[in-house]
Protein chains: 2
Amino acid sequence: MKTEELSPVAQERRSEEDFIALLRMQGARYHNLHPFHVRMDAGTLTHEELQRWVINRYYYQRSIPVKDAAILSNCPEVDVRRVWIQRIIDHDGAEPQSGGIESWLRLGEALGVDRDTLESEEHVLPGVRYAVDAYITFCRTRPWIEAVAASLTELFGPSAIKVRLDALERHYPWIDSAGFEYFRARLHQAPRDADYALGLVVERSETRADQDRAAAALAFKCDLLWAQLEAIEHGDTRPPA
Amino acid sequence: MKTEELSPVAQERRSEEDFIALLRMQGARYHNLHPFHVRMDAGTLTHEELQRWVINRYYYQRSIPVKDAAILSNCPEVDVRRVWIQRIIDHDGAEPQSGGIESWLRLGEALGVDRDTLESEEHVLPGVRYAVDAYITFCRTRPWIEAVAASLTELFGPSAIKVRLDALERHYPWIDSAGFEYFRARLHQAPRDADYALGLVVERSETRADQDRAAAALAFKCDLLWAQLEAIEHGDTRPPA
């Protein structure tokens with residue numbers, strides 16, 4: 001291995017196939033494998049844990065269009081922006097009372113958390129804030145194609161969402177399944193988004209160093225989702241204020 | 001005057017009427033009053049001057065969706081983003097070969113500048129770059145409501161555009177008037193955008209200091225447009241490379 005790493009050949013641009021395999025490998029750390037999601041899928045989360053999850057992940061949800069706007073703002077290419085902007089519309093909604101953030105608020109309501117509590121962000125854990133804010137900062141400050149690569153967790157999302165949807169409906173019958181609209185929408189949005197982003201990242205990663213940076217961006221994003229769930233699992237361990 | 005300035009009364013929040021008047025006053029430095037635009041409207045610009053203008057202002061045009069995305073990315077309010085995003089769509093186009101940037105490329109072609117030359121940005125003057133980049137930086141780094149206030153030059157745009165459209169058609173008959181689509185679209189987009197932005201700035205400027213910052217943002221924007229035109233009027237004064 002060491003010899004191969006040192007040889008100049010090893011530093012050549014990977015084939016498209018190898019590069020895509022490298023990106024897909026990052027899924028080995030996707031947060032669906034975190035004990036908290038494993039327990040969610042197994043049906044053993046408590047009502048309080050599900051509420052903690054929906055409250056904290058709201059902070060992530062409401063940050064998605066902000067990070068996508070950061071990508072738009074860093075991208076000088078009209079053709080890319082014209083496609084990417086759909087992500088903002090999907091989350092913010094084309095009309096009032098529509099879109100992914102609204103759907104997440106409804107999921108909160110289905111879990112017994114009213115929207116004022118969600119929107120207040122009062123119960124968002126510091127560890128969740130730091131993880132999500134790190135993502136926003138990444139998308140604001142790194143080259144836009146790296147932020148696009150970070151979005152490729154959507155390669156792993158749909159299959160995890162299929163399992164999660166099924167588990168939520170089966171194991172937690174007290175949740176009004178109208179609340180799951182967010183996940184149902186993502187089942188068709190995420191593959192479309194991931195396809196486009198993957199094509200772009202493969203095309204624009206012209207050197208092995210570009211490919212390495214893209215894989216690192218995706219690993220960073222997996223870390224963020226993992227750290228977020230880690231904080232959610234631990235809950236608020238601070239002494240009372 | 002001095003006594004009034006020092007009295008605490010003078011530091012109270014301005015009435016809505018006075019604040020709007022203060023914002024409108026900034027129009028006294030709007031770039032339609034710059035000698036270059038005055039000459040454009042009088043029909044005395046040369047072909048080369050018009051080409052220099054279209055080439056350099058392309059840099060501003062192509063930066064508009066980038067700055068609007070920066071505003072989106074800084075704005076935590078879904079309702080505001082849902083309206084503001086239309087500006088990006090107007091400039092980038094909902095479909096390929098549409099939108100304000102495309103219309104500007106066609107204006108360039110009507111003026112005898114091919115789109116490759118425009119898109120290369122090769123002939124963009126340093127002074128134009130600095131002015132436009134200062135605007136992008138402003139919108140990236142200042143509170144989003146100040147960037148919204150900076151957009152209020154659109155209060156002054158439509159009447160200037162009406163005069164300009166008429167002048168371009170009358171004085172420069174060699175320009176194919178299909179090239180003026182950009183200005184025709186702005187005649188209905190700008191008043192809609194300015195109305196919304198003005199309402200937002202008036203509502204969100206809760207203190208006199210907020211109002212002062214909004215007026216300063218608009219003055220800054222007028223300065224940028226003026227500086228841009230100043231650089232365009234002077235042209236390239238550098239010794240040959």
# chains A, B, ... in the order shown; residues from 1 in each chain; ligands from 1
>>> interface_residues(of="chain A", to="chain B", cutoff="8 Å", atoms="only C-alpha atoms", output="ChimeraX atom specification")
/A:65-70,72-76,78-79,81-82,89,92-96
>>> write_last_selection(atoms="N, CA and C atoms", output="tab-separated table (two decimals), in the first residue's frame")
chain	number	residue	atom	x	y	z
A	65	PRO	N	-32.32	25.84	3.34
A	65	PRO	CA	-32.37	26.86	2.27
A	65	PRO	C	-31.32	27.96	2.44
A	66	VAL	N	-30.94	28.22	3.68
A	66	VAL	CA	-29.88	29.22	3.94
A	66	VAL	C	-28.55	28.73	3.35
A	67	LYS	N	-28.25	27.45	3.52
A	67	LYS	CA	-26.99	26.93	2.96
A	67	LYS	C	-27.09	26.82	1.44
A	68	ASP	N	-28.28	26.49	0.93
A	68	ASP	CA	-28.42	26.43	-0.53
A	68	ASP	C	-28.30	27.83	-1.15
A	69	ALA	N	-28.80	28.82	-0.46
A	69	ALA	CA	-28.63	30.20	-0.95
A	69	ALA	C	-27.15	30.59	-0.90
A	70	ALA	N	-26.42	30.10	0.09
A	70	ALA	CA	-24.98	30.38	0.16
A	70	ALA	C	-24.28	29.76	-1.06
A	72	LEU	N	-25.70	29.15	-4.01
A	72	LEU	CA	-26.09	30.01	-5.15
A	72	LEU	C	-25.22	31.26	-5.20
A	73	SER	N	-25.03	31.84	-4.03
A	73	SER	CA	-24.32	33.12	-3.97
A	73	SER	C	-22.84	32.98	-4.31
A	74	ASN	N	-22.30	31.77	-4.14
A	74	ASN	CA	-20.90	31.54	-4.49
A	74	ASN	C	-20.72	31.00	-5.90
A	75	CYS	N	-21.82	30.69	-6.57
A	75	CYS	CA	-21.74	30.03	-7.87
A	75	CYS	C	-21.93	31.05	-9.00
A	76	PRO	N	-20.91	31.23	-9.82
A	76	PRO	CA	-21.03	32.23	-10.89
A	76	PRO	C	-21.73	31.69	-12.15
A	78	VAL	N	-24.88	30.63	-14.26
A	78	VAL	CA	-26.34	30.74	-14.35
A	78	VAL	C	-27.00	29.37	-14.49
A	79	ASP	N	-26.44	28.50	-15.33
A	79	ASP	CA	-27.08	27.21	-15.59
A	79	ASP	C	-27.16	26.35	-14.33
A	81	ARG	N	-27.10	27.60	-11.18
A	81	ARG	CA	-28.02	28.27	-10.24
A	81	ARG	C	-29.47	27.97	-10.60
A	82	ARG	N	-29.76	27.96	-11.92
A	82	ARG	CA	-31.14	27.76	-12.38
A	82	ARG	C	-31.69	26.41	-11.92
A	89	ILE	N	-36.70	26.42	-3.18
A	89	ILE	CA	-38.16	26.43	-3.33
A	89	ILE	C	-38.77	25.19	-2.67
A	92	ASP	N	-38.49	26.06	1.19
A	92	ASP	CA	-39.26	27.24	1.62
A	92	ASP	C	-40.71	27.19	1.16
A	93	GLY	N	-40.96	26.44	0.08
A	93	GLY	CA	-42.29	26.39	-0.51
A	93	GLY	C	-42.48	27.51	-1.52
A	94	ALA	N	-43.21	27.20	-2.59
A	94	ALA	CA	-43.50	28.24	-3.59
A	94	ALA	C	-44.60	29.16	-3.06
A	95	GLU	N	-45.44	28.63	-2.20
A	95	GLU	CA	-46.59	29.37	-1.63
A	95	GLU	C	-46.48	29.33	-0.11
A	96	PRO	N	-47.13	30.29	0.57
A	96	PRO	CA	-47.20	30.19	2.04
A	96	PRO	C	-47.80	28.84	2.45
>>> residues_around(residues="segment 184-198 of chain B", least_positions_apart="6", cutoff="10 Å", atoms="only C-alpha atoms", output="ChimeraX atom specification")
/B:20,23,80,83-84,86-87,90,99-100,103,145,147-162,165,178,204
>>> select_by_dssp(residues="segment 3-172 of chain A", states="alpha helix (DSSP H)", output="PyMOL selection string")
chain A and resi 3-6+16-25+35-42+47-74+78-92+100-110+115-120+126-141+144-150+157-171
>>> atom_distance(atom1="atom CA of Gln228 of chain A", atom2="atom CA of Leu33 of chain A")
13.1 Å
>>> atom_distance(atom1="atom CA of Val202 of chain A", atom2="atom CA of Asp116 of chain B")
25.9 Å
>>> residues_around(residues="Asp18 of chain B", least_positions_apart="6", cutoff="12 Å", atoms="only C-alpha atoms", output="MDAnalysis selection string")
chainID B and resid 12 24:25 202 208 211:212 215
>>> residues_around(residues="Leu111 of chain B", least_positions_apart="2", cutoff="8 Å", atoms="only C-alpha atoms", output="list in words")
His47, Leu50, Gln51, Val54, Leu107, Gly108, Glu109, Val113 and Ile175 of chain B
>>> closest_residue(among="B:Arg106, B:Arg57, B:Arg142, B:Lys221", to="Asp176 of chain B", atoms="only C-alpha atoms")
B:Arg106
>>> residues_around(residues="Leu118 of chain B", least_positions_apart="2", cutoff="9 Å", atoms="only C-alpha atoms", output="number ranges by chain")
B: 54-56, 58-59, 105, 108, 113-116, 120-124
>>> write_last_selection(atoms="C-alpha atoms", output="short mmCIF file (atom, residue, chain, number, x, y, z; two decimals), in the first residue's frame")
data_model
loop_
_atom_site.label_atom_id
_atom_site.label_comp_id
_atom_site.auth_asym_id
_atom_site.auth_seq_id
_atom_site.Cartn_x
_atom_site.Cartn_y
_atom_site.Cartn_z
CA VAL B 54 -22.86 47.29 -22.18
CA ILE B 55 -19.65 45.30 -21.61
CA ASN B 56 -18.96 46.81 -18.22
CA TYR B 58 -22.70 43.13 -17.77
CA TYR B 59 -20.44 42.62 -14.76
CA LEU B 105 -26.39 39.44 -23.51
CA GLY B 108 -24.89 43.40 -26.10
CA VAL B 113 -20.77 42.94 -28.89
CA ASP B 114 -20.93 39.16 -29.11
CA ARG B 115 -21.80 37.14 -26.04
CA ASP B 116 -18.40 35.49 -25.76
CA SER B 120 -15.27 36.65 -20.93
CA GLU B 121 -15.39 39.82 -18.77
CA GLU B 122 -12.05 40.60 -20.36
CA HIS B 123 -12.85 44.25 -20.96
CA VAL B 124 -14.39 44.93 -17.56
#
>>> residues_around(residues="Ser177 of chain A", least_positions_apart="3", cutoff="10 Å", atoms="only C-alpha atoms", output="count of residues only")
10
